[in-house]
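Below: query-v2.cif (mmCIF, C-alpha atoms)
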```
data_my_file
loop_
_atom_site.label_atom_id
_atom_site.label_comp_id
_atom_site.auth_asym_id
_atom_site.auth_seq_id
_atom_site.Cartn_x
_atom_site.Cartn_y
_atom_site.Cartn_z
CA MET A 1 71.25 97.68 107.56
CA LEU A 2 74.04 96.23 105.41
CA THR A 3 74.60 93.40 102.95
CA ARG A 4 78.05 91.82 102.76
CA LEU A 5 78.94 91.15 99.15
CA GLU A 6 80.29 87.76 98.11
CA THR A 7 84.03 87.88 97.50
CA ILE A 8 85.18 86.35 94.21
CA VAL A 9 88.88 85.44 93.99
CA VAL A 10 90.15 85.12 90.41
CA GLU A 11 93.48 83.54 89.51
CA LYS A 12 95.30 85.09 86.55
CA PRO A 13 98.64 84.28 84.86
CA TRP A 14 99.64 87.91 85.48
CA GLY A 15 98.52 87.76 89.13
CA ARG A 16 100.59 87.64 92.32
CA THR A 17 101.41 85.08 94.99
CA ASP A 18 102.39 87.72 97.57
CA ILE A 19 98.94 89.19 98.27
CA PRO A 20 98.99 91.00 101.65
CA ARG A 21 97.57 88.79 104.41
CA ASP A 22 94.96 91.45 105.15
CA PHE A 23 93.13 90.17 102.07
CA GLY A 24 93.22 86.56 103.28
CA ASP A 25 95.36 83.44 102.93
CA PHE A 26 95.31 82.20 99.34
CA GLY A 27 97.79 79.36 99.80
CA GLY A 28 100.25 80.57 97.18
CA ARG A 29 97.61 80.89 94.45
CA ARG A 30 98.41 83.42 91.71
CA VAL A 31 95.61 85.88 92.43
CA GLY A 32 94.96 88.59 89.88
CA GLU A 33 91.59 89.93 90.98
CA ILE A 34 89.35 90.10 94.01
CA TRP A 35 85.91 91.40 93.14
CA PHE A 36 82.53 91.59 94.79
CA SER A 37 79.37 89.94 93.50
CA ASN A 38 76.32 92.20 93.74
CA PRO A 39 73.01 90.34 94.33
CA ALA A 40 71.52 92.32 91.42
CA GLY A 41 73.95 90.65 89.02
CA ILE A 42 74.33 92.39 85.65
CA ASP A 43 71.59 94.86 86.65
CA ALA A 44 73.96 96.35 89.22
CA PRO A 45 75.48 99.40 87.51
CA ILE A 46 78.80 99.40 89.42
CA LEU A 47 81.52 96.81 90.01
CA VAL A 48 84.48 97.14 92.39
CA LYS A 49 87.68 95.09 92.06
CA PHE A 50 91.13 94.82 93.60
CA LEU A 51 93.85 94.01 91.04
CA PHE A 52 97.31 92.56 91.77
CA THR A 53 99.76 92.53 88.85
CA SER A 54 103.09 90.83 88.23
CA GLU A 55 103.10 91.36 84.43
CA ARG A 56 101.67 93.84 81.98
CA LEU A 57 98.00 93.25 81.26
CA SER A 58 96.70 93.38 77.71
CA ILE A 59 96.46 96.66 75.82
CA GLN A 60 92.72 97.19 75.54
CA VAL A 61 89.83 99.59 75.12
CA HIS A 62 86.20 99.77 76.24
CA PRO A 63 83.18 101.11 74.31
CA ASP A 64 80.85 103.86 75.47
CA ASP A 65 77.18 103.24 76.27
CA VAL A 66 75.99 103.79 72.69
CA ALA A 67 78.53 101.48 71.06
CA ALA A 68 78.16 98.82 73.75
CA ARG A 69 74.37 98.70 73.46
CA ALA A 70 74.65 98.47 69.68
CA ALA A 71 76.85 95.41 70.25
CA GLY A 72 74.31 93.82 72.62
CA TYR A 73 75.73 94.84 76.01
CA PRO A 74 73.64 96.56 78.70
CA ARG A 75 76.04 99.50 79.04
CA GLY A 76 79.51 100.72 78.14
CA LYS A 77 82.49 100.79 80.44
CA GLU A 78 84.24 103.66 82.10
CA GLU A 79 86.49 102.92 85.05
CA CYS A 80 88.92 104.49 87.46
CA TRP A 81 91.94 103.30 89.41
CA LEU A 82 93.36 104.19 92.82
CA ILE A 83 96.89 102.87 93.39
CA LEU A 84 97.25 101.20 96.80
CA ASP A 85 100.77 99.84 96.32
CA ALA A 86 103.39 100.36 93.63
CA GLN A 87 106.75 98.65 93.29
CA PRO A 88 109.69 100.60 91.85
CA GLY A 89 109.19 101.15 88.13
CA ALA A 90 105.44 100.49 88.21
CA GLU A 91 103.42 102.21 85.52
CA LEU A 92 100.00 102.61 83.97
CA GLY A 93 99.40 103.01 80.25
CA VAL A 94 96.71 105.61 79.58
CA GLY A 95 96.09 106.79 76.03
CA LEU A 96 98.75 107.22 73.37
CA ASN A 97 101.89 109.34 73.52
CA ARG A 98 100.97 111.04 70.20
CA GLU A 99 98.15 111.35 67.71
CA SER A 100 97.81 108.35 65.44
CA SER A 101 95.40 106.83 62.96
CA ARG A 102 93.35 103.67 63.19
CA GLU A 103 95.26 102.20 60.23
CA GLU A 104 98.59 102.80 61.97
CA LEU A 105 97.22 101.36 65.21
CA HIS A 106 95.97 98.26 63.40
CA ASN A 107 99.40 97.57 61.96
CA ALA A 108 101.10 98.34 65.28
CA ALA A 109 98.78 95.96 67.12
CA LEU A 110 99.77 93.17 64.73
CA ASP A 111 103.53 93.68 65.01
CA GLY A 112 103.68 94.75 68.69
CA GLY A 113 104.69 98.32 67.95
CA ILE A 114 101.60 99.52 69.80
CA VAL A 115 103.48 98.96 73.08
CA ASP A 116 105.77 101.89 72.28
CA MET A 117 102.82 104.09 71.32
CA ILE A 118 101.22 103.85 74.78
CA ASP A 119 101.64 106.74 77.23
CA TRP A 120 103.25 104.76 80.05
CA ARG A 121 102.97 106.87 83.20
CA PRO A 122 105.10 106.20 86.30
CA SER A 123 102.72 105.19 89.09
CA LYS A 124 102.94 105.68 92.83
CA VAL A 125 100.75 105.05 95.85
CA ASP A 126 97.58 107.21 95.97
CA ASP A 127 97.62 108.12 92.28
CA PHE A 128 94.06 108.28 90.95
CA VAL A 129 93.33 107.89 87.23
CA TYR A 130 89.97 108.08 85.47
CA ASN A 131 89.80 105.96 82.31
CA ARG A 132 87.13 107.14 79.90
CA SER A 133 85.55 104.84 77.32
CA GLY A 134 87.55 104.86 74.10
CA THR A 135 90.87 105.32 75.91
CA ILE A 136 93.48 102.76 74.87
CA HIS A 137 95.04 101.59 78.13
CA ALA A 138 96.97 98.93 80.04
CA ILE A 139 97.99 98.20 83.60
CA GLY A 140 101.64 97.43 84.22
CA PRO A 141 103.31 95.03 86.68
CA GLY A 142 104.03 95.64 90.35
CA LEU A 143 100.73 97.29 91.21
CA THR A 144 97.92 96.82 93.69
CA VAL A 145 94.93 98.75 92.39
CA VAL A 146 91.33 99.24 93.46
CA GLU A 147 89.15 99.69 90.37
CA VAL A 148 85.64 101.10 90.25
CA GLN A 149 83.87 100.59 86.93
CA GLN A 150 80.60 100.36 85.10
CA ASN A 151 79.46 96.79 85.56
CA VAL A 152 79.84 95.09 82.20
CA ASP A 153 82.07 92.35 80.82
CA CYS A 154 83.06 94.10 77.61
CA THR A 155 86.77 94.45 76.86
CA TYR A 156 88.30 94.73 73.40
CA ARG A 157 91.91 93.50 73.45
CA LEU A 158 94.23 95.14 70.95
CA TYR A 159 97.50 93.46 71.96
CA ASP A 160 98.27 90.72 74.49
CA TYR A 161 102.03 90.04 74.37
CA ASP A 162 101.56 86.81 72.37
CA ARG A 163 99.36 85.25 75.03
CA PRO A 164 96.94 82.77 73.43
CA ARG A 165 93.81 84.91 73.75
CA GLN A 166 91.51 86.39 71.14
CA LEU A 167 92.10 89.95 69.98
CA HIS A 168 89.30 92.30 68.92
CA LEU A 169 91.01 94.70 66.52
CA ASP A 170 88.03 95.66 64.38
CA GLU A 171 85.68 96.21 67.31
CA GLY A 172 88.33 97.87 69.46
CA LEU A 173 89.75 100.26 66.90
CA LYS A 174 86.24 101.32 65.89
CA VAL A 175 85.61 102.71 69.41
CA SER A 176 89.17 103.90 70.17
CA ASN A 177 90.42 107.43 70.64
CA PRO A 178 93.71 107.24 68.66
CA GLY A 179 95.53 109.89 70.65
CA PRO A 180 96.58 111.12 74.11
CA ALA A 181 94.12 110.95 77.00
CA ASP A 182 94.11 113.29 79.98
CA ASP A 183 91.24 113.67 82.38
CA PRO A 184 90.61 116.51 84.87
CA ARG A 185 89.66 113.95 87.53
CA ASP A 186 93.20 112.52 87.61
CA ALA A 187 94.75 113.39 90.98
CA VAL A 188 96.93 112.36 93.88
CA VAL A 189 94.66 111.43 96.79
CA ASP A 190 95.50 112.46 100.35
CA PRO A 191 94.87 109.25 102.35
CA HIS A 192 93.79 111.32 105.35
CA ALA A 193 91.30 113.53 103.50
CA ASN A 194 87.66 113.29 102.46
CA CYS A 195 87.06 114.16 98.81
CA MET A 196 84.82 113.47 95.85
CA LEU A 197 86.79 111.70 93.14
CA VAL A 198 84.05 111.20 90.55
CA ASN A 199 80.74 113.02 90.10
CA GLY A 200 79.22 111.17 87.15
CA PRO A 201 78.23 110.77 84.48
CA HIS A 202 78.07 107.03 85.22
CA PHE A 203 78.79 106.78 88.94
CA HIS A 204 79.84 108.80 91.97
CA LEU A 205 82.93 107.93 93.99
CA ALA A 206 84.10 109.40 97.29
CA HIS A 207 87.25 108.84 99.28
CA LEU A 208 86.48 108.81 103.02
CA ALA A 209 88.78 109.22 106.01
CA SER A 210 88.40 110.14 109.68
CA PRO A 211 86.47 112.20 110.60
CA VAL A 212 84.01 111.41 107.81
CA ASP A 213 82.73 114.57 106.12
CA PRO A 214 78.93 114.76 106.58
CA ALA A 215 78.67 116.99 103.49
CA ILE A 216 79.91 114.12 101.32
CA LEU A 217 77.60 111.63 103.01
CA ALA A 218 74.68 113.98 102.36
CA GLN A 219 75.29 113.58 98.61
CA ALA A 220 75.16 109.78 98.73
CA ASN A 221 71.84 108.11 97.93
CA GLY A 222 70.42 104.87 96.62
CA ASP A 223 72.38 101.64 96.78
CA LEU A 224 75.78 102.50 98.24
CA THR A 225 78.85 100.28 98.02
CA PHE A 226 81.36 100.74 100.85
CA VAL A 227 84.90 99.42 100.35
CA PRO A 228 87.48 99.73 103.17
CA LEU A 229 91.07 100.44 102.18
CA ALA A 230 92.47 100.03 105.70
CA ALA A 231 91.50 98.78 109.15
CA GLY A 232 89.14 100.77 111.37
CA CYS A 233 86.01 100.84 109.19
CA ARG A 234 82.51 100.04 110.43
CA VAL A 235 78.92 100.21 109.23
CA ALA A 236 76.18 100.34 111.89
CA GLY A 237 78.73 99.19 114.44
CA GLU A 238 79.82 96.14 112.40
CA SER A 239 83.47 95.95 111.39
CA VAL A 240 84.15 95.81 107.64
CA ALA A 241 87.71 94.78 106.80
CA LEU A 242 90.08 95.41 103.92
CA GLY A 243 89.21 92.87 101.24
CA GLU A 244 85.47 93.15 101.95
CA ALA A 245 82.67 95.29 100.52
CA VAL A 246 79.14 95.93 101.71
CA LEU A 247 75.93 97.41 100.35
CA LEU A 248 74.05 99.89 102.50
CA LEU A 249 71.35 102.53 102.19
CA ASP A 250 72.13 104.88 105.08
CA PRO A 251 75.52 106.58 104.69
CA THR A 252 75.34 108.04 108.20
CA ALA A 253 75.91 104.48 109.49
CA ILE A 254 79.54 104.67 108.28
CA GLU A 255 82.28 105.10 110.90
CA ILE A 256 86.02 105.34 110.28
CA ASP A 257 88.71 105.43 112.98
CA ASP A 258 91.83 107.59 112.86
CA GLY A 259 94.14 106.21 110.18
CA GLY A 260 91.33 104.40 108.40
CA ARG A 261 90.14 105.08 104.87
CA ALA A 262 87.55 103.74 102.46
CA LEU A 263 85.77 104.29 99.17
CA LEU A 264 82.03 104.89 98.84
CA THR A 265 80.41 104.61 95.42
CA TRP A 266 76.85 104.90 94.13
CA PRO A 267 75.09 105.19 90.75
CA ALA A 268 74.80 108.55 89.01
#
```

Full structure transcribed into structure tokens:
Amino acid sequence: MLTRLETIVVEKPWGRTDIPRDFGDFGGRRVGEIWFSNPAGIDAPILVKFLFTSERLSIQVHPDDVAARAAGYPRGKEECWLILDAQPGAELGVGLNRESSREELHNAALDGGIVDMIDWRPSKVDDFVYNRSGTIHAIGPGLTVVEVQQNVDCTYRLYDYDRPRQLHLDEGLKVSNPGPADDPRDAVVDPHANCMLVNGPHFHLAHLASPVDPAILAQANGDLTFVPLAAGCRVAGESVALGEAVLLLDPTAIEIDDGGRALLTWPA
């Protein structure tokens, strides 16, 4: 009835040592990501992660399907973020704060001026942001984020705060939108409401709460990934905790108690 996905804990220099105990005891490790390994591997079209940030992540961009396949990847990368916790001053960088040119961006990436060109948006709990391919973006410090994305390891870094990692200016600027980025799917999510957050073109994503809306479940089909965001979530009578994810086929097996919430995602 359900398959529990393997939990992968990834330490990052920008990670956190104060991960909530609901996610587990990591013994003071600097955890940046918790993600879930699908048995289908790279053939799985969707990947879900939790991110925990203490520093700004790199300024980066992802290609669309066409550009990614031309570069040898199975698909491009679009992603979305739901903020679960935000410290004072937390922010996301999404797009640029003005129109630019690729030549200007190239020079700004080399001298660090690109940081001031990013549209840094104040972030708070339950903010939802959809990040289209080609959008120059970054995640700031002080955030706990659940990310749903196309499943591909293809990130072009444009600037990394002098960390000793490779940049990909030619590849990244070639696929970048050198201007502001707003998306109609951006929203503030009511934690007690059922709603569709994304309806394609690459995946579907629903926010579920109690009582679960059967009209949303009726839309879900194929391989479904269920990700609790609070206690009180079950599938076919089995408890599924925060920090876990499961695959299932029958969405009517999902139960959520009062005060519980979860995400449900499936391929488009």

Any chance you could work out the residue set of the PyMOL selection byres ((chain A and resi 250-261) around 7) here, as an MDAnalysis selection string? chainID A and resid 191 208:212 217 220 228:236 248:249 262

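Going from atom CA of Thr144 of chain A over to atom CA of Asn194 of chain A, you cover 21.3 Å.
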
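When atom CA of Leu84 of chain A is paired with atom CA of Pro141 of chain A, their separation reads 13.3 Å.
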
Tell me, as a PyMOL selection string, which residues lie within 8 Å of Ile139 of chain A, counting all atoms listed in the file; anything in the same chain fewer than 3 positions away does not count. chain A and resi 53+56-58+91-93

Find the spatial neighbours of Val189 of chain A, counting only C-alpha atoms, within a cut-off of 10 Å - ignore same-chain residues fewer than 4 positions away - and output them as a compact mmCIF listing (two decimals) with C-alpha atoms, in the frame of the given file.
```txt
# COMPACT_ATOMS: atom_id res chain seq x y z
CA LEU A 82 93.36 104.19 92.82
CA ILE A 83 96.89 102.87 93.39
CA VAL A 125 100.75 105.05 95.85
CA ASP A 126 97.58 107.21 95.97
CA ASP A 127 97.62 108.12 92.28
CA PHE A 128 94.06 108.28 90.95
CA ALA A 193 91.30 113.53 103.50
CA ASN A 194 87.66 113.29 102.46
CA CYS A 195 87.06 114.16 98.81
CA LEU A 197 86.79 111.70 93.14
CA HIS A 207 87.25 108.84 99.28
```

For Val246 of chain A, which of A:Trp81, A:Phe226, A:Phe52, A:Tyr130 is the closest residue, counting all atoms listed in the file?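 Selected residue with least distance to Val246 of chain A: A:Phe226.
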
Using only C-alpha atoms, which of the listed residues (A:Tyr156, A:Trp120, A:Tyr161, A:Trp266) sits closest to Gly200 of chain A?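 Distance minimum relative to Gly200 of chain A lands on A:Trp266.
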
So what do you get for atom CA of Arg4 of chain A versus atom CA of Phe203 of chain A, distance-wise? 20.4 Å

Neighbour list for Leu105 of chain A as a ChimeraX atom specification, cut-off 8 Å, only C-alpha atoms, skip fewer than 5 positions in-chain: /A:100,114,173,178

Any idea what's packed within 12 Å of segment 17-23 of chain A, counting all atoms listed in the file, ignoring anything in its chain fewer than 5 positions away? Could you give it as a ChimeraX atom specification? /A:7-9,11-12,28-35,50-54,84-85,142-145,228-231,240-245

Pick from A:Val61, A:Ala90, A:Val188, A:Ala206, whichever lies nearest to Ile136 of chain A using only C-alpha atoms: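 Looking at the shortest contact to Ile136 of chain A, the residue is A:Val61.
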